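Quick notes on the structure that follows.
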Amino acid sequence: AQEEEMMRIAIEAQKREEELKRQKEEEENATGVIFLTFDDGPTSDSTPQILDILKNRNIKATFFVLHYDENHEPLIKREQEEGHTIGLHGYLHSYADVYTSADTCLENFRKIKEQVYQTTGIESKIIRFPGGSSNVVSKKYCEGVMTELVKRVVDEGYRYSDWNVDSGDAAKPKSEEVVYNNVINGIKPGRNNVVLMHDFAGNHKTIDELDKIITWGLEQGYVFRNITEETPMVTHGVNN
């Protein structure tokens with residue numbers, strides 16, 4: 001039985017290596033890479049619709065999740081089962097709760113990490129700071145906290161991802177077209193494009209445009225990926 005298990009592990013490792021090689025070749029021939037990322041979920045109305053679109057198009061994305069109740073556990077499991085990356089956004093999102101100290105923020109990540117582990121059995125190590133690493137709101141609660149945090153999260157084994165394309169969907173855009181245009185105008189060839197979107201409740205502007213954004217990306221020769229521990233991270237400059 002032990003030999004069989006070792007053989008199974010070896011076969012899986014080989015398959016993973018072959019898949020990574022295939023992806024690398026695909027990326028070398030592509031216009032660029034697009035990473036769709038969704039913050040602030042899971043929610044019972046937006047998240048399933050986004051997952052349905054991604055499944056239909058066979059696109060893998062990254063979900064930076066907040067604390068969820070047992071009713072939402074199936075959505076986290078579904079994200080895992082369908083091959084998406086579950087990243088950590090925090091147990092709480094309120095800046096006043098998160099940024100009073102570096103310790104408070106780290107505890108916030110540890111708590112959501114533990115919850116995701118209890119749901120999926122996976123130890124998620126990819127995080128996104130509420131407001132991003134460049135946020136200045138944190139200064140109101142603790143001077144210099146981000147400067148300390150970007151070092152300490154790495155020491156704790158995390159990798160943090162910001163974004164370089166903002167859909168603007170959290171800023172109450174006037175129309176769906178605004179979200180679409182923000183994304184396609186922000187994407188640049190020859191780089192990793194990390195797109196900030198959200199799956200908070202009622203985010204119909206993003207849901208309505210997501211399929212069109214994917215179509216545009218594929219037509220322009222981009223490939224879509226989810227963020228993994230091997231992905232070179234897109235990060236901002238720290239302002240606090």
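Note on naming: chains are A, B, ... as they come in the structure tokens, residues start from 1 per chain, ligands start from 1 in the order shown.
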Contacts between stretch 198-210 of chain A and stretch 3-80 of chain A, please, where a residue of stretch 3-80 of chain A counts if it comes within 8 Å (with only C-alpha atoms); show its shortest atom pair and distance in Å to one decimal, rows by chain and ascending number, as JSON lines.
```
{"residue": "A:Thr37", "atom": "CA", "partner": "A:His198", "partner_atom": "CA", "distance": 7.5}
{"residue": "A:Phe38", "atom": "CA", "partner": "A:His198", "partner_atom": "CA", "distance": 4.4}
{"residue": "A:Asp39", "atom": "CA", "partner": "A:His198", "partner_atom": "CA", "distance": 4.6}
{"residue": "A:Asp40", "atom": "CA", "partner": "A:Phe200", "partner_atom": "CA", "distance": 5.5}
{"residue": "A:Gly41", "atom": "CA", "partner": "A:Asp199", "partner_atom": "CA", "distance": 5.2}
{"residue": "A:Pro42", "atom": "CA", "partner": "A:Asp199", "partner_atom": "CA", "distance": 6.7}
{"residue": "A:Thr43", "atom": "CA", "partner": "A:Ala201", "partner_atom": "CA", "distance": 5.6}
{"residue": "A:Ser44", "atom": "CA", "partner": "A:Ala201", "partner_atom": "CA", "distance": 7.3}
{"residue": "A:Asp45", "atom": "CA", "partner": "A:Ala201", "partner_atom": "CA", "distance": 6.1}
{"residue": "A:Ser46", "atom": "CA", "partner": "A:Asp199", "partner_atom": "CA", "distance": 5.4}
{"residue": "A:Thr47", "atom": "CA", "partner": "A:Asp199", "partner_atom": "CA", "distance": 5.6}
{"residue": "A:Gln49", "atom": "CA", "partner": "A:Ile207", "partner_atom": "CA", "distance": 7.0}
{"residue": "A:Ile50", "atom": "CA", "partner": "A:Ile207", "partner_atom": "CA", "distance": 6.2}
{"residue": "A:Ile53", "atom": "CA", "partner": "A:Leu210", "partner_atom": "CA", "distance": 7.5}
```
Residues of stretch 46-156 of chain A in strand (DSSP E or B), written as a list in words: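 Everything in stretch 46-156 of chain A that counts as strand (DSSP E or B) is Thr62, Phe63, Phe64, Val65, Leu66, Thr85, Ile86, Gly87, Leu88, His89, Gly90, Ile126 and Ile127 of chain A.
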Just to be explicit: take each residue in the selection above, keep N, CA, C and O atoms, and write the result as an mmCIF file, in the first residue's frame.
```cif
data_model
loop_
_atom_site.group_PDB
_atom_site.id
_atom_site.type_symbol
_atom_site.label_atom_id
_atom_site.label_comp_id
_atom_site.auth_asym_id
_atom_site.auth_seq_id
_atom_site.Cartn_x
_atom_site.Cartn_y
_atom_site.Cartn_z
ATOM 1 N N THR A 62 -9.003 33.748 -9.058
ATOM 2 C CA THR A 62 -8.539 33.789 -7.667
ATOM 3 C C THR A 62 -9.566 34.551 -6.839
ATOM 4 O O THR A 62 -9.977 35.655 -7.219
ATOM 5 N N PHE A 63 -9.981 33.953 -5.730
ATOM 6 C CA PHE A 63 -10.974 34.564 -4.846
ATOM 7 C C PHE A 63 -10.319 34.899 -3.512
ATOM 8 O O PHE A 63 -9.852 33.995 -2.803
ATOM 9 N N PHE A 64 -10.271 36.194 -3.184
ATOM 10 C CA PHE A 64 -9.743 36.619 -1.878
ATOM 11 C C PHE A 64 -10.927 36.754 -0.927
ATOM 12 O O PHE A 64 -11.715 37.698 -1.024
ATOM 13 N N VAL A 65 -11.034 35.793 -0.014
ATOM 14 C CA VAL A 65 -12.281 35.637 0.744
ATOM 15 C C VAL A 65 -12.232 36.295 2.117
ATOM 16 O O VAL A 65 -11.168 36.462 2.719
ATOM 17 N N LEU A 66 -13.424 36.646 2.573
ATOM 18 C CA LEU A 66 -13.642 37.158 3.930
ATOM 19 C C LEU A 66 -14.336 36.070 4.752
ATOM 20 O O LEU A 66 -14.776 35.055 4.221
ATOM 21 N N THR A 85 -8.109 29.462 -7.150
ATOM 22 C CA THR A 85 -7.274 29.699 -5.972
ATOM 23 C C THR A 85 -8.101 30.433 -4.928
ATOM 24 O O THR A 85 -8.776 31.422 -5.248
ATOM 25 N N ILE A 86 -8.053 29.931 -3.696
ATOM 26 C CA ILE A 86 -8.707 30.634 -2.591
ATOM 27 C C ILE A 86 -7.628 31.404 -1.840
ATOM 28 O O ILE A 86 -6.761 30.819 -1.190
ATOM 29 N N GLY A 87 -7.666 32.719 -2.001
ATOM 30 C CA GLY A 87 -6.744 33.586 -1.277
ATOM 31 C C GLY A 87 -7.429 34.145 -0.042
ATOM 32 O O GLY A 87 -8.641 33.989 0.143
ATOM 33 N N LEU A 88 -6.667 34.811 0.794
ATOM 34 C CA LEU A 88 -7.187 35.334 2.062
ATOM 35 C C LEU A 88 -7.257 36.851 2.004
ATOM 36 O O LEU A 88 -6.276 37.517 1.670
ATOM 37 N N HIS A 89 -8.424 37.383 2.335
ATOM 38 C CA HIS A 89 -8.587 38.842 2.378
ATOM 39 C C HIS A 89 -8.728 39.322 3.821
ATOM 40 O O HIS A 89 -8.440 40.468 4.123
ATOM 41 N N GLY A 90 -9.179 38.429 4.674
ATOM 42 C CA GLY A 90 -9.262 38.769 6.097
ATOM 43 C C GLY A 90 -10.511 38.195 6.743
ATOM 44 O O GLY A 90 -11.493 37.900 6.072
ATOM 45 N N ILE A 126 -1.737 32.788 0.046
ATOM 46 C CA ILE A 126 -1.760 33.989 -0.790
ATOM 47 C C ILE A 126 -2.783 34.954 -0.200
ATOM 48 O O ILE A 126 -3.925 34.586 0.044
ATOM 49 N N ILE A 127 -2.342 36.185 0.049
ATOM 50 C CA ILE A 127 -3.205 37.144 0.743
ATOM 51 C C ILE A 127 -3.332 38.436 -0.061
ATOM 52 O O ILE A 127 -2.520 38.719 -0.943
#
```
Residues within 7 Å of stretch 58-60 of chain A, please, as JSON, numbers by chain. Count only C-alpha atoms; anything in the same chain fewer than 6 positions from it doesn't count. {"A": [83, 84, 224, 225, 226]}
Residues of chain A in alpha helix (DSSP H), written as a PyMOL selection string: chain A and resi 2-28+46-57+73-81+95-98+102-120+145-155+176-186+204-219
Do you have, as a Markdown table, the list of residues of stretch 78-189 of chain A lying at most 9 Å from stretch 25-32 of chain A, each with its nearest atom pair and that distance in Å to one decimal, counting only C-alpha atoms and ordered by chain then number?
```
| residue | atom | partner | partner_atom | distance |
| --- | --- | --- | --- | --- |
| A:Ile187 | CA | A:Gly32 | CA | 8.8 |
| A:Lys188 | CA | A:Gly32 | CA | 7.4 |
| A:Pro189 | CA | A:Gly32 | CA | 4.9 |
```
Using only C-alpha atoms, pick whichever of A:Leu20, A:Val195, A:Val137, A:Ile34 has the shortest atom-to-atom distance to A:Thr100. A:Val137
Could you name the residues that touch A:Phe109 at 12 Å or less, counting only C-alpha atoms, but leaving out those on the same chain fewer than 4 positions away, as a PyMOL selection string? chain A and resi 64-67+87-93+98-99+102-105+113-116+123-130+149+152-153+156-160
Selection to disk with C-alpha atoms, as a short mmCIF file (atom, residue, chain, number, x, y, z; two decimals), in the first residue's frame:
```cif
data_model
loop_
_atom_site.label_atom_id
_atom_site.label_comp_id
_atom_site.auth_asym_id
_atom_site.auth_seq_id
_atom_site.Cartn_x
_atom_site.Cartn_y
_atom_site.Cartn_z
CA PHE A 64 -9.74 36.62 -1.88
CA VAL A 65 -12.28 35.64 0.74
CA LEU A 66 -13.64 37.16 3.93
CA HIS A 67 -15.17 35.40 6.95
CA GLY A 87 -6.74 33.59 -1.28
CA LEU A 88 -7.19 35.33 2.06
CA HIS A 89 -8.59 38.84 2.38
CA GLY A 90 -9.26 38.77 6.10
CA TYR A 91 -11.63 37.58 8.79
CA LEU A 92 -12.74 41.22 9.10
CA HIS A 93 -12.51 43.96 6.48
CA VAL A 98 -7.58 45.37 10.86
CA TYR A 99 -4.93 48.09 11.01
CA ALA A 102 0.64 44.67 12.62
CA ASP A 103 -0.29 41.96 15.15
CA THR A 104 -4.01 42.70 14.70
CA CYS A 105 -3.72 42.41 10.93
CA LYS A 113 -6.64 30.99 7.01
CA GLU A 114 -7.83 28.60 9.73
CA GLN A 115 -11.45 28.88 8.55
CA VAL A 116 -10.49 28.09 4.94
CA GLU A 123 -3.48 25.95 3.80
CA SER A 124 -3.90 29.13 1.80
CA LYS A 125 -0.79 31.33 1.75
CA ILE A 126 -1.76 33.99 -0.79
CA ILE A 127 -3.21 37.14 0.74
CA ARG A 128 -4.51 40.54 -0.26
CA PHE A 129 -4.49 43.37 2.25
CA PRO A 130 -7.81 45.22 2.63
CA LEU A 149 3.33 44.25 7.60
CA ARG A 152 6.14 40.28 8.51
CA VAL A 153 3.62 38.54 6.25
CA GLU A 156 5.13 34.14 8.23
CA GLY A 157 5.14 32.32 4.87
CA TYR A 158 2.49 34.38 3.08
CA ARG A 159 2.77 36.01 -0.35
CA TYR A 160 0.73 39.15 -0.96
#
```
Which distance in Å separates atom CA of A:Asp169 and atom CA of A:Met197, to one decimal? 6.4 Å
As number ranges by chain, please: the residues near A:Met233 (cut-off 7 Å, only C-alpha atoms, same-chain neighbours under 2 positions excluded). A: 161, 231, 235
Near stretch 140-147 of chain A, within 9 Å and counting only C-alpha atoms, which residues show up once chain neighbours fewer than 6 positions away are dropped, as a list in words? Tyr95, Ala96, Tyr99, Thr100, Ser101, Ala102, Ser133, Ser134, Val238, Asn239 and Asn240 of chain A
Coordinates-based distance that separates atom CA of A:Asn193 from atom CA of A:Trp163 (Å, one decimal):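 Computed distance, atom CA of A:Trp163 to atom CA of A:Asn193, equals 7.5 Å.
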